[in-house]
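J.: start-v3.txt is the file, holding compact mmCIF, C-alpha atoms:
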```txt
# COMPACT_ATOMS: atom_id res chain seq x y z
CA MET A 742 115.47 135.26 120.32
CA ILE A 743 118.71 133.78 118.97
CA THR A 744 117.20 130.30 119.15
CA PHE A 745 114.12 131.46 117.24
CA PHE A 746 116.12 132.90 114.34
CA LYS A 747 118.36 129.86 114.26
CA LEU A 748 115.35 127.55 114.00
CA LYS A 749 113.71 129.81 111.45
CA PHE A 750 116.45 129.24 108.91
CA VAL A 751 117.32 125.60 109.55
CA ASP A 752 113.97 123.94 110.34
CA PRO A 753 111.60 123.53 107.34
CA LEU A 754 108.56 123.19 109.63
CA ILE A 755 109.28 126.50 111.41
CA GLU A 756 110.05 128.12 108.05
CA PHE A 757 106.71 126.96 106.65
CA ILE A 758 104.71 128.09 109.67
CA HIS A 759 106.49 131.44 109.53
CA ASP A 760 105.63 131.92 105.82
CA SER A 761 102.15 130.38 105.84
CA LYS A 762 100.38 133.72 106.22
CA SER A 763 102.12 135.12 103.12
CA ILE A 764 101.49 131.94 101.16
CA GLY A 765 97.78 132.01 101.99
CA ILE A 766 97.46 135.67 101.00
CA ILE A 767 99.25 135.10 97.67
CA LEU A 768 97.12 132.05 96.80
CA LEU A 769 93.93 133.92 97.67
CA THR A 770 95.03 136.93 95.60
CA CYS A 771 95.85 134.76 92.58
CA THR A 772 92.48 133.00 92.84
CA VAL A 773 90.58 136.31 92.95
CA ILE A 774 92.60 137.72 90.02
CA SER A 775 92.01 134.57 87.98
CA LEU A 776 88.26 134.57 88.63
CA ILE A 777 88.02 138.28 87.76
CA LEU A 778 89.98 137.91 84.50
CA SER A 779 87.92 134.85 83.56
CA ASN A 780 84.67 136.78 83.84
CA ILE A 781 85.52 140.10 82.13
CA PRO A 782 83.70 140.21 78.77
CA GLY A 783 86.18 139.77 75.93
CA ILE A 784 89.18 139.21 78.20
CA GLY A 785 87.68 136.16 79.91
CA SER A 786 87.63 133.98 76.79
CA VAL A 787 91.20 134.97 75.88
CA TYR A 788 92.41 134.23 79.40
CA GLY A 789 90.63 130.86 79.56
CA ASN A 790 91.81 129.86 76.09
CA PHE A 791 95.40 130.65 77.05
CA TRP A 792 95.41 128.09 79.86
CA ASN A 793 93.53 125.45 77.87
CA HIS A 794 95.11 126.02 74.47
CA THR A 795 96.48 122.85 72.87
CA PHE A 796 99.41 123.09 70.50
CA ASN A 797 98.45 123.09 66.80
CA GLY A 798 98.43 119.79 65.01
CA LEU A 799 98.75 117.73 68.17
CA ASN A 800 96.28 115.49 69.91
CA GLU A 801 94.25 116.44 72.97
CA HIS A 802 96.48 115.06 75.71
CA HIS A 803 100.08 114.76 74.58
CA LEU A 804 102.78 116.46 72.58
CA HIS A 805 104.25 114.00 70.10
CA LEU A 806 107.71 114.85 68.80
CA ALA A 807 109.44 111.70 67.55
CA PHE A 808 109.67 109.55 70.70
CA LEU A 809 108.55 112.29 73.11
CA SER A 810 105.15 112.45 74.78
CA LEU A 811 104.72 115.49 77.03
CA PRO A 812 101.93 117.81 78.30
CA ASN A 813 100.62 119.91 75.41
CA SER A 814 98.74 122.76 77.12
CA PRO A 815 99.69 125.29 79.82
CA THR A 816 97.25 123.77 82.33
CA LEU A 817 98.49 120.22 81.70
CA PHE A 818 102.08 121.47 82.00
CA VAL A 819 101.26 123.02 85.38
CA ASN A 820 99.25 120.05 86.69
CA ASP A 821 101.43 117.24 85.37
CA PHE A 822 104.93 118.72 85.48
CA LEU A 823 105.18 121.72 87.81
CA MET A 824 102.96 120.07 90.42
CA ALA A 825 105.44 117.17 90.51
CA PHE A 826 107.76 119.60 92.34
CA PHE A 827 104.98 120.34 94.85
CA PHE A 828 104.59 116.61 95.43
CA PHE A 829 108.37 116.31 95.66
CA LEU A 830 108.38 118.87 98.48
CA ALA A 831 105.38 117.16 100.13
CA GLY A 832 107.17 113.81 99.88
CA MET A 833 110.28 115.22 101.57
CA GLU A 834 108.10 116.67 104.36
CA ILE A 835 106.44 113.28 104.85
CA LYS A 836 109.77 111.44 104.94
CA ARG A 837 111.38 113.90 107.36
CA GLU A 838 108.40 113.87 109.71
CA LEU A 839 108.35 110.07 109.66
CA MET A 840 112.07 109.86 110.41
CA GLN A 841 112.63 112.59 112.97
CA GLY A 842 109.61 114.85 113.30
CA GLU A 843 106.04 114.80 114.58
CA LEU A 844 105.34 111.38 113.03
CA SER A 845 108.59 109.69 114.07
CA THR A 846 107.13 107.70 116.99
CA THR A 847 103.82 105.93 117.49
CA LYS A 848 102.99 108.19 120.44
CA LYS A 849 103.57 111.35 118.40
CA ALA A 850 101.93 110.10 115.23
CA LEU A 851 98.80 108.39 116.56
CA LEU A 852 96.65 111.47 117.24
CA PRO A 853 97.25 113.28 113.91
CA LEU A 854 97.09 109.92 112.11
CA MET A 855 93.67 109.05 113.56
CA ALA A 856 92.45 112.63 113.03
CA ALA A 857 93.57 112.55 109.38
CA ILE A 858 91.90 109.16 108.78
CA GLY A 859 88.66 110.47 110.27
CA GLY A 860 89.03 113.63 108.17
CA ILE A 861 89.32 111.53 105.02
CA ILE A 862 86.66 108.86 105.64
CA VAL A 863 83.76 111.01 106.91
CA PRO A 864 83.87 113.59 104.03
CA ALA A 865 84.04 110.75 101.50
CA ILE A 866 81.01 109.09 103.12
CA LEU A 867 79.03 112.34 103.11
CA PHE A 868 79.87 112.94 99.45
CA THR A 869 78.81 109.44 98.44
CA GLN A 870 75.52 109.80 100.33
CA PHE A 871 74.71 112.83 98.21
CA ASN A 872 75.92 111.32 94.95
CA LYS A 873 75.42 107.56 95.03
CA GLU A 874 74.17 106.18 91.71
CA THR A 875 74.95 109.47 89.94
CA GLN A 876 77.56 110.39 87.32
CA PHE A 877 79.39 112.42 89.99
CA MET A 878 80.64 109.48 92.07
CA THR A 879 84.13 109.78 90.55
CA GLY A 880 84.53 112.96 92.61
CA TRP A 881 84.29 111.19 95.99
CA ALA A 882 87.88 112.13 96.92
CA ILE A 883 87.47 115.89 96.31
CA PRO A 884 86.35 116.84 99.86
CA THR A 885 88.90 114.59 101.58
CA ALA A 886 91.87 116.95 101.21
CA THR A 887 93.14 119.72 103.52
CA ASP A 888 95.13 122.66 102.15
CA ILE A 889 98.09 123.03 104.50
CA ALA A 890 99.12 126.50 103.30
CA PHE A 891 95.68 128.12 103.62
CA THR A 892 94.91 126.34 106.89
CA LEU A 893 98.13 127.47 108.58
CA GLY A 894 97.83 130.88 106.94
CA ILE A 895 94.48 131.54 108.64
CA ALA A 896 95.83 130.10 111.91
CA SER A 897 98.78 132.51 111.68
CA LEU A 898 96.43 135.49 111.30
CA LEU A 899 95.02 134.64 114.76
CA GLY A 900 98.39 135.12 116.48
CA ASN A 901 98.72 133.60 119.94
CA ARG A 902 95.05 132.52 119.96
CA VAL A 903 96.36 129.50 118.07
CA PRO A 904 99.22 127.84 120.03
CA VAL A 905 102.28 126.61 118.13
CA THR A 906 101.39 123.08 119.28
CA LEU A 907 98.06 123.34 117.42
CA LYS A 908 99.84 124.56 114.27
CA ILE A 909 102.22 121.61 114.49
CA PHE A 910 99.25 119.25 114.96
CA LEU A 911 97.56 120.78 111.89
CA THR A 912 100.78 120.43 109.90
CA ALA A 913 101.17 116.76 110.84
CA LEU A 914 97.50 116.11 110.07
CA ALA A 915 97.77 117.84 106.68
CA ILE A 916 100.95 115.91 105.81
CA ILE A 917 99.16 112.60 106.48
CA ASP A 918 96.19 113.97 104.55
CA ASP A 919 98.50 114.71 101.60
CA LEU A 920 99.85 111.17 101.78
CA GLY A 921 96.29 109.85 101.63
CA ALA A 922 95.55 112.09 98.64
CA ILE A 923 98.70 110.87 96.88
CA VAL A 924 97.65 107.24 97.34
CA VAL A 925 94.13 108.03 96.09
CA ILE A 926 95.47 109.82 92.99
CA ALA A 927 97.86 106.97 92.24
CA LEU A 928 95.17 104.28 92.59
CA PHE A 929 92.02 105.93 91.25
CA TYR A 930 92.86 108.88 89.00
CA GLY A 931 95.36 107.54 86.50
CA GLY A 932 94.75 106.28 82.99
CA GLN A 933 95.14 102.95 81.23
CA ILE A 934 98.18 101.18 82.64
CA GLN A 935 101.13 100.80 80.24
CA ILE A 936 103.19 97.89 81.55
CA GLY A 937 106.36 98.82 79.65
CA TYR A 938 106.50 102.28 81.20
CA VAL A 939 105.63 100.88 84.64
CA LEU A 940 108.62 98.53 84.38
CA LEU A 941 110.84 101.45 83.37
CA CYS A 942 109.57 103.36 86.42
CA ALA A 943 110.54 100.41 88.60
CA PHE A 944 114.01 100.34 87.00
CA PHE A 945 114.64 104.05 87.70
CA ILE A 946 113.33 103.68 91.27
CA LEU A 947 115.79 100.81 91.75
CA LEU A 948 118.64 103.01 90.47
CA LEU A 949 117.69 105.76 92.95
CA TYR A 950 117.47 103.21 95.75
CA LEU A 951 120.94 101.87 94.98
CA LEU A 952 122.39 105.39 94.88
CA ASN A 953 120.79 106.11 98.26
CA ARG A 954 121.97 102.82 99.73
CA ASN A 955 125.52 103.53 98.62
CA LYS A 956 125.26 107.00 100.20
CA ALA A 957 125.86 108.84 96.94
CA ARG A 958 125.48 112.58 97.40
CA PHE A 959 122.37 113.98 95.79
CA GLY A 960 123.34 115.67 92.52
CA VAL A 961 122.87 116.04 88.76
CA PHE A 962 122.73 112.29 88.12
CA HIS A 963 119.80 112.00 90.55
CA TRP A 964 117.96 114.78 88.71
CA ILE A 965 118.45 113.06 85.35
CA ILE A 966 117.03 109.82 86.74
CA GLY A 967 114.24 111.80 88.43
CA PHE A 968 113.20 113.41 85.13
CA LEU A 969 113.26 110.03 83.37
CA LEU A 970 111.13 108.63 86.20
CA TRP A 971 108.63 111.47 85.76
CA TYR A 972 108.54 110.95 81.99
CA CYS A 973 107.87 107.22 82.33
CA MET A 974 105.30 107.84 85.06
CA PHE A 975 103.56 110.40 82.80
CA ASN A 976 103.21 107.76 80.08
CA SER A 977 102.51 104.80 82.39
CA GLY A 978 98.85 105.50 83.18
CA LEU A 979 99.72 106.46 86.77
CA HIS A 980 99.52 110.16 87.48
CA ALA A 981 102.83 111.87 86.73
CA THR A 982 102.97 113.79 90.02
CA VAL A 983 103.36 110.53 91.95
CA ALA A 984 106.91 110.49 90.57
CA GLY A 985 107.66 113.53 92.73
CA VAL A 986 106.76 111.67 95.92
CA ILE A 987 108.74 108.55 94.97
CA PHE A 988 111.73 110.71 94.06
CA ALA A 989 111.51 112.46 97.44
CA MET A 990 111.55 109.14 99.29
CA MET A 991 114.92 108.37 97.68
CA ILE A 992 116.58 111.55 98.98
CA PRO A 993 119.38 110.86 101.52
CA ALA A 994 118.07 111.66 105.00
CA LYS A 995 120.89 114.07 105.81
CA GLN A 996 119.99 116.27 102.83
CA LEU A 997 116.25 116.52 103.45
CA ARG A 998 116.34 119.79 105.40
CA GLU A 999 118.66 121.45 102.90
CA LEU A 1000 116.51 120.51 99.91
CA GLU A 1001 113.23 121.34 101.65
CA LEU A 1002 114.44 124.83 102.42
CA LYS A 1003 115.78 125.21 98.87
CA PHE A 1004 112.45 124.20 97.28
CA HIS A 1005 110.22 125.96 99.83
CA THR A 1006 110.26 129.37 98.11
CA PRO A 1007 109.92 128.35 94.43
CA VAL A 1008 107.16 125.83 95.18
CA TYR A 1009 105.01 127.98 97.46
CA PHE A 1010 105.72 131.38 95.94
CA PHE A 1011 105.84 130.46 92.24
CA ILE A 1012 104.42 127.03 91.42
CA MET A 1013 101.40 127.23 93.75
CA PRO A 1014 100.35 130.73 92.59
CA VAL A 1015 100.65 129.57 88.95
CA PHE A 1016 98.57 126.49 89.85
CA ALA A 1017 95.90 128.76 91.37
CA LEU A 1018 95.83 130.94 88.24
CA ALA A 1019 95.60 127.97 85.87
CA ASN A 1020 92.97 125.97 87.75
CA THR A 1021 90.59 128.76 88.73
CA ALA A 1022 90.19 130.17 85.22
CA ILE A 1023 86.46 129.49 85.52
CA SER A 1024 83.70 131.34 83.68
CA LEU A 1025 81.04 131.75 86.34
CA SER A 1026 78.43 132.44 83.66
CA ALA A 1027 78.87 128.82 82.54
CA VAL A 1028 78.22 127.59 86.09
CA GLY A 1029 74.65 128.57 86.91
CA PHE A 1030 72.80 128.56 90.22
CA ASN A 1031 71.10 125.29 89.34
CA ASP A 1032 74.51 123.71 88.78
CA LEU A 1033 75.61 124.83 92.24
CA HIS A 1034 72.39 123.40 93.65
CA SER A 1035 73.37 119.94 92.37
CA THR A 1036 74.29 116.92 94.47
CA LEU A 1037 77.90 117.34 93.30
CA SER A 1038 78.12 120.80 94.83
CA TRP A 1039 76.31 119.90 98.05
CA GLY A 1040 78.40 116.75 98.47
CA ILE A 1041 81.63 118.75 98.28
CA ILE A 1042 80.42 121.54 100.57
CA ALA A 1043 79.02 119.10 103.13
CA GLY A 1044 82.16 116.98 102.97
CA LEU A 1045 84.54 119.88 103.60
CA CYS A 1046 82.45 122.01 105.97
CA LEU A 1047 80.84 119.23 108.02
CA GLY A 1048 82.72 116.03 107.25
CA LYS A 1049 86.17 117.42 108.02
CA PRO A 1050 85.46 118.76 111.54
CA ILE A 1051 83.22 115.81 112.44
CA GLY A 1052 85.77 113.27 111.23
CA ILE A 1053 88.83 114.99 112.74
CA VAL A 1054 87.33 115.85 116.13
CA GLY A 1055 85.42 112.56 116.38
CA ALA A 1056 88.49 110.43 115.66
CA SER A 1057 90.63 112.57 118.01
CA TYR A 1058 88.06 112.32 120.81
CA PHE A 1059 87.90 108.54 120.43
CA THR A 1060 91.70 108.25 120.49
CA VAL A 1061 92.16 110.51 123.53
CA THR A 1062 89.27 109.18 125.64
CA ARG A 1063 90.46 105.60 125.05
CA GLY A 1064 93.86 106.60 126.41
CA TYR A 1065 95.75 105.89 123.19
CA ALA A 1066 97.03 109.48 122.94
CA ALA A 1067 96.79 112.83 124.69
CA LEU A 1068 95.91 116.30 123.48
CA PRO A 1069 99.04 118.37 122.79
CA THR A 1070 100.02 120.91 125.44
CA GLY A 1071 97.87 124.03 125.47
CA ILE A 1072 95.15 122.62 123.21
CA SER A 1073 91.56 122.37 124.43
CA TRP A 1074 88.69 120.59 122.72
CA SER A 1075 87.35 123.98 121.69
CA LYS A 1076 90.58 124.66 119.81
CA MET A 1077 90.47 121.18 118.28
CA ILE A 1078 87.00 121.97 116.90
CA GLY A 1079 88.40 125.18 115.41
CA ALA A 1080 91.27 123.21 113.86
CA GLY A 1081 88.79 120.73 112.41
CA ILE A 1082 86.78 123.56 110.85
CA LEU A 1083 89.91 125.11 109.32
CA ALA A 1084 90.88 121.71 107.92
CA GLY A 1085 87.81 122.05 105.70
CA ILE A 1086 89.83 124.46 103.55
CA GLY A 1087 90.35 122.18 100.56
CA PHE A 1088 91.77 124.40 97.82
CA THR A 1089 95.00 122.99 96.30
CA MET A 1090 94.49 119.21 96.50
CA SER A 1091 90.69 119.41 96.21
CA ILE A 1092 90.92 121.54 93.06
CA PHE A 1093 93.67 119.28 91.73
CA ILE A 1094 91.52 116.17 92.25
CA SER A 1095 88.53 117.99 90.67
CA SER A 1096 90.54 118.39 87.47
CA LEU A 1097 91.33 114.65 87.51
CA ALA A 1098 87.91 113.33 88.53
CA PHE A 1099 85.84 114.68 85.63
CA THR A 1100 86.37 114.66 81.88
CA VAL A 1101 83.37 116.98 81.41
CA ASP A 1102 84.60 120.56 81.84
CA LEU A 1103 81.31 121.75 83.34
CA TYR A 1104 81.44 119.13 86.10
CA ALA A 1105 85.07 120.02 86.87
CA ASP A 1106 84.16 123.74 87.05
CA ILE A 1107 81.18 123.04 89.34
CA ALA A 1108 83.47 121.03 91.60
CA LYS A 1109 86.11 123.77 91.69
CA VAL A 1110 83.58 126.52 92.46
CA SER A 1111 82.10 124.32 95.18
CA VAL A 1112 85.56 123.84 96.69
CA LEU A 1113 86.06 127.62 96.70
CA ILE A 1114 82.66 128.17 98.38
CA ALA A 1115 83.33 125.47 100.98
CA SER A 1116 86.83 126.83 101.64
CA ALA A 1117 85.46 130.36 102.09
CA ILE A 1118 82.93 129.02 104.62
CA ALA A 1119 85.65 127.07 106.46
CA ILE A 1120 87.93 130.13 106.54
CA THR A 1121 85.20 132.42 107.89
CA VAL A 1122 83.71 130.05 110.46
CA GLY A 1123 87.09 128.68 111.57
CA TYR A 1124 88.56 132.15 112.00
CA LEU A 1125 85.59 133.42 114.01
CA TRP A 1126 85.47 130.26 116.14
CA LEU A 1127 89.12 130.45 117.13
CA LYS A 1128 89.00 134.22 117.60
CA PHE A 1129 85.98 134.40 119.90
CA LYS A 1130 85.50 130.91 121.35
CA ASN A 1131 87.57 130.39 124.52
```
Will you turn the file into structure tokens for me?
T.:
Amino acid sequence: MITFFKLKFVDPLIEFIHDSKSIGIILLTCTVISLILSNIPGIGSVYGNFWNHTFNGLNEHHLHLAFLSLPNSPTLFVNDFLMAFFFFLAGMEIKRELMQGELSTTKKALLPLMAAIGGIIVPAILFTQFNKETQFMTGWAIPTATDIAFTLGIASLLGNRVPVTLKIFLTALAIIDDLGAIVVIALFYGGQIQIGYVLLCAFFILLLYLLNRNKARFGVFHWIIGFLLWYCMFNSGLHATVAGVIFAMMIPAKQLRELELKFHTPVYFFIMPVFALANTAISLSAVGFNDLHSTLSWGIIAGLCLGKPIGIVGASYFTVTRGYAALPTGISWSKMIGAGILAGIGFTMSIFISSLAFTVDLYADIAKVSVLIASAIAITVGYLWLKFKN
């Protein structure tokens, strides 16, 4: 018991697993509230306009004040600035796991790595089969993401039917999945590259590297450079949130746990709920049944509900049967199938990519609603599978 409470407050992974149920419930509640408010006559338009309102006299994408160029609407502020802190936390998790956690050795990392690769490639292939030669092809990355908070939240609801080793496997898989999503966003969902700002980004990254190399303690100076890095990244044509990951990689290793625990609560209990409210302000009357019967919708649903479990379990089976890795202790293939189904819960990253993939609001809304439908299916089927399938 003493060991458990000690780990609970010093190990970010244990802390996250412990809180995942609460995080999932809060995100689900915020999503439901946002959808309800968006579809109440009279209130819905006010609520939607609040999140999408652009400041008077300013252009569509940026706030111009002298030399400043910043997000100019609440949704852009959430997606471009606040979400940088989410990516900062994700980057610290990736770095810590690579250095001393579940991804620190080839033997530990190979199974979740192969599973994550399968869980990215197969959904993307399914989506492209539905949408090749259509205007929806830019959304190919939407069904490739796994929502770590929702996935572990549902797993936590099942108690000891889901072993801790399976939760750790899911966490490692989702972390690699996040890394894949970060690379995809950086390469495919930015804007026109501005070389001057890219060079400034490189300069600030070099400064952070030198501070880290000289073992300077993380402090105010780092934060100033981090903000300047974000600002330059925002204006560079690369997506601004990538700055959060790069910044995380420059954190001294000995301070990772401390900072992860410090950012855990504000990111998952404030930023993520606000993200859910801002990005699910969808008027369902604008998204008709025919829209949800489109190849875009079916590609996302098939990618998350079928592509994820097929890709994850298939890649894992190949890796294990070839003798490259072994199933974690206490995990059967039945439980691996359940984990693969739960990994079809896309939510955060899938919705985030939906907002980047389409400039047409209707297409983005169709994609987001499809992600919610697919995630609901994955939650229901995954929960029932793990609860009743022995």
J.: Please provide the set of residues having any atom within 8 Å of A:Ala896, restricted to all atoms listed in the file, with same-chain residues fewer than 5 positions apart removed, written as an mmCIF file with C-alpha atoms, keeping the file's coordinate frame.
T.:
```
data_model
loop_
_atom_site.group_PDB
_atom_site.id
_atom_site.type_symbol
_atom_site.label_atom_id
_atom_site.label_comp_id
_atom_site.auth_asym_id
_atom_site.auth_seq_id
_atom_site.Cartn_x
_atom_site.Cartn_y
_atom_site.Cartn_z
ATOM 1 C CA VAL A 903 96.360 129.500 118.070
ATOM 2 C CA LYS A 908 99.840 124.560 114.270
ATOM 3 C CA TYR A 1124 88.560 132.150 112.000
#
```
J.: From the options A:Leu1002, A:Ala927, A:Met878, A:Phe822, which residue's atoms come nearest to A:Ile987, counting all atoms listed in the file?
T.: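 Smallest distance to A:Ile987 is found for A:Ala927.
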J.: Find the residues of stretch 914-985 of chain A that sit at most 8 Å from stretch 831-849 of chain A; for each, write down the nearest two atoms and how far apart they are in Å, to one decimal. Count all atoms listed in the file. Sort by chain, then by number going up, and give it as a tab-separated table.
T.:
```
residue	atom	partner	partner_atom	distance
A:Ile916	CA	A:Ile835	CA	6.2
A:Ile917	CA	A:Ile835	CA	7.5
A:Asp919	CA	A:Ala831	CA	7.4
A:Leu920	CA	A:Ile835	CA	7.6
A:Gly985	CA	A:Gly832	CA	7.2
```
J.: Convert the current residue selection to file output with C-alpha atoms, as a PDB file, in the coordinates of the input.
T.:
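Saved result, part.pdb, follows:
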```pdb
ATOM      1  CA  ILE A 916     100.950 115.910 105.810  1.00  0.00           C
ATOM      2  CA  ILE A 917      99.160 112.600 106.480  1.00  0.00           C
ATOM      3  CA  ASP A 919      98.500 114.710 101.600  1.00  0.00           C
ATOM      4  CA  LEU A 920      99.850 111.170 101.780  1.00  0.00           C
ATOM      5  CA  GLY A 985     107.660 113.530  92.730  1.00  0.00           C
TER       6      GLY A 985
END
```
J.: Find the residues around A:Lys1130 up to 9 Å (all atoms listed in the file counted), leave out those fewer than 6 positions away in its own chain, and share them as a list in words.
T.: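 That gives Ser1075, Lys1076 and Gly1079 of chain A.
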J.: Select, from A:Thr869, A:Asn953, A:Met1077, A:Ala915, the residue with the minimum atom-to-atom distance to A:Ala1056, counting only C-alpha atoms.
T.: A:Met1077
J.: May I have the protein, DNA and RNA residues with any atom at most 10 Å from the point (97.8, 130.8, 105.7), counting only C-alpha atoms, written as a list of chain:residue names?
T.: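 Within the cut-off we find A:Phe757, A:Ile758, A:His759, A:Asp760, A:Ser761, A:Lys762, A:Ser763, A:Ile764, A:Gly765, A:Ile766, A:Ile767, A:Leu768, A:Leu769, A:Asp888, A:Ile889, A:Ala890, A:Phe891, A:Thr892, A:Leu893, A:Gly894, A:Ile895, A:Ala896, A:Ser897, A:Leu898, A:Ile1120.
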J.: Quick one: write out the picked residues with C-alpha atoms as an mmCIF file, in the coordinates of the input?
T.:
```cif
data_model
loop_
_atom_site.group_PDB
_atom_site.id
_atom_site.type_symbol
_atom_site.label_atom_id
_atom_site.label_comp_id
_atom_site.auth_asym_id
_atom_site.auth_seq_id
_atom_site.Cartn_x
_atom_site.Cartn_y
_atom_site.Cartn_z
ATOM 1 C CA PHE A 757 106.710 126.960 106.650
ATOM 2 C CA ILE A 758 104.710 128.090 109.670
ATOM 3 C CA HIS A 759 106.490 131.440 109.530
ATOM 4 C CA ASP A 760 105.630 131.920 105.820
ATOM 5 C CA SER A 761 102.150 130.380 105.840
ATOM 6 C CA LYS A 762 100.380 133.720 106.220
ATOM 7 C CA SER A 763 102.120 135.120 103.120
ATOM 8 C CA ILE A 764 101.490 131.940 101.160
ATOM 9 C CA GLY A 765 97.780 132.010 101.990
ATOM 10 C CA ILE A 766 97.460 135.670 101.000
ATOM 11 C CA ILE A 767 99.250 135.100 97.670
ATOM 12 C CA LEU A 768 97.120 132.050 96.800
ATOM 13 C CA LEU A 769 93.930 133.920 97.670
ATOM 14 C CA ASP A 888 95.130 122.660 102.150
ATOM 15 C CA ILE A 889 98.090 123.030 104.500
ATOM 16 C CA ALA A 890 99.120 126.500 103.300
ATOM 17 C CA PHE A 891 95.680 128.120 103.620
ATOM 18 C CA THR A 892 94.910 126.340 106.890
ATOM 19 C CA LEU A 893 98.130 127.470 108.580
ATOM 20 C CA GLY A 894 97.830 130.880 106.940
ATOM 21 C CA ILE A 895 94.480 131.540 108.640
ATOM 22 C CA ALA A 896 95.830 130.100 111.910
ATOM 23 C CA SER A 897 98.780 132.510 111.680
ATOM 24 C CA LEU A 898 96.430 135.490 111.300
ATOM 25 C CA ILE A 1120 87.930 130.130 106.540
#
```
J.: From the options A:Ala825, A:Leu914, A:Met855, A:Val961, which residue's atoms come nearest to A:Met974, counting all atoms listed in the file?
T.: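 Closest candidate: A:Ala825.
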J.: Please list, as an MDAnalysis selection string, the residues that have an atom at most 12 Å away from (73.8, 125.3, 92.8) in the coordinates of this file, counting only C-alpha atoms.
T.: chainID A and resid 1025 1027:1042 1104 1106:1108 1110:1111 1114
J.: Quick one: of A:Phe1010, A:Gly900, A:Gly1048, A:Trp1074, who's nearest to A:Lys1128, counting only C-alpha atoms?
T.: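 Comparing A:Phe1010, A:Gly900, A:Gly1048, A:Trp1074 against A:Lys1128, the winner is A:Gly900.
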J.: Given all atoms listed in the file as the basis, pick out the residue of A:Phe1016, A:Phe975, A:Phe945, A:Phe1059 nearest to A:Ala856.
T.: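 Smallest separation from A:Ala856 among the options: A:Phe1059.
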J.: Between A:Leu1047, A:Ile1092, A:Ala1066, A:Cys942, which has the minimum distance to A:Ala1017 (counting only C-alpha atoms)?
T.: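 Of A:Leu1047, A:Ile1092, A:Ala1066, A:Cys942, the one nearest A:Ala1017, counting only C-alpha atoms, is A:Ile1092.
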J.: Atom CA of A:Ile866 and atom CA of A:Tyr930, how far apart in Å?
T.: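 Distance between the two atoms: 18.4 Å.
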J.: For A:Ser1095, list every protein, DNA or RNA residue within 7 Å, evaluated using all atoms listed in the file, and leave out those in the same chain fewer than 4 positions away; present the list as a ChimeraX atom specification.
T.: /A:880,883,1091,1099,1105,1108-1109
J.: Name the residues in contact with A:Pro993 at a cut-off of 9 Å, using all atoms listed in the file, excluding same-chain residues fewer than 6 positions from it; report them as a PyMOL selection string.
T.: chain A and resi 953-954+956-959
J.: Selected residues, C-alpha atoms, written as a short mmCIF file (atom, residue, chain, number, x, y, z; two decimals), in the frame of the given file, please.
T.:
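See selection34.cif below for the written result:
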```
data_model
loop_
_atom_site.label_atom_id
_atom_site.label_comp_id
_atom_site.auth_asym_id
_atom_site.auth_seq_id
_atom_site.Cartn_x
_atom_site.Cartn_y
_atom_site.Cartn_z
CA ASN A 953 120.79 106.11 98.26
CA ARG A 954 121.97 102.82 99.73
CA LYS A 956 125.26 107.00 100.20
CA ALA A 957 125.86 108.84 96.94
CA ARG A 958 125.48 112.58 97.40
CA PHE A 959 122.37 113.98 95.79
#
```
J.: Might you pull out every residue within 12 Å of A:Gly1064, with all atoms listed in the file counted and same-chain residues fewer than 4 positions away left off, and present them as a PyMOL selection string?
T.: chain A and resi 848+851-852+1057-1060+1068
J.: As an exercise, work out the distance from atom CA of A:Ala913 to atom CA of A:Thr1006 in Å and give it to one decimal place.
T.: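 Going from atom CA of A:Ala913 over to atom CA of A:Thr1006, I get 20.1 Å.
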J.: Mind giving me the straight-line distance from atom CA of A:Ile936 to atom CA of A:Asn955 in Å, one decimal?
T.: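 A separation of 28.7 Å between them.
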J.: Please write out, as JSON, where the centre of an axis-aligned box around all listed atoms of stretch 772-777 of chain A lies and how long its edges are, in Å to one decimal, after adding 5 Å on each side.
T.:
```
{"center_x": 90.3, "center_y": 135.6, "center_z": 90.4, "size_x": 14.6, "size_y": 15.3, "size_z": 15.2}
```
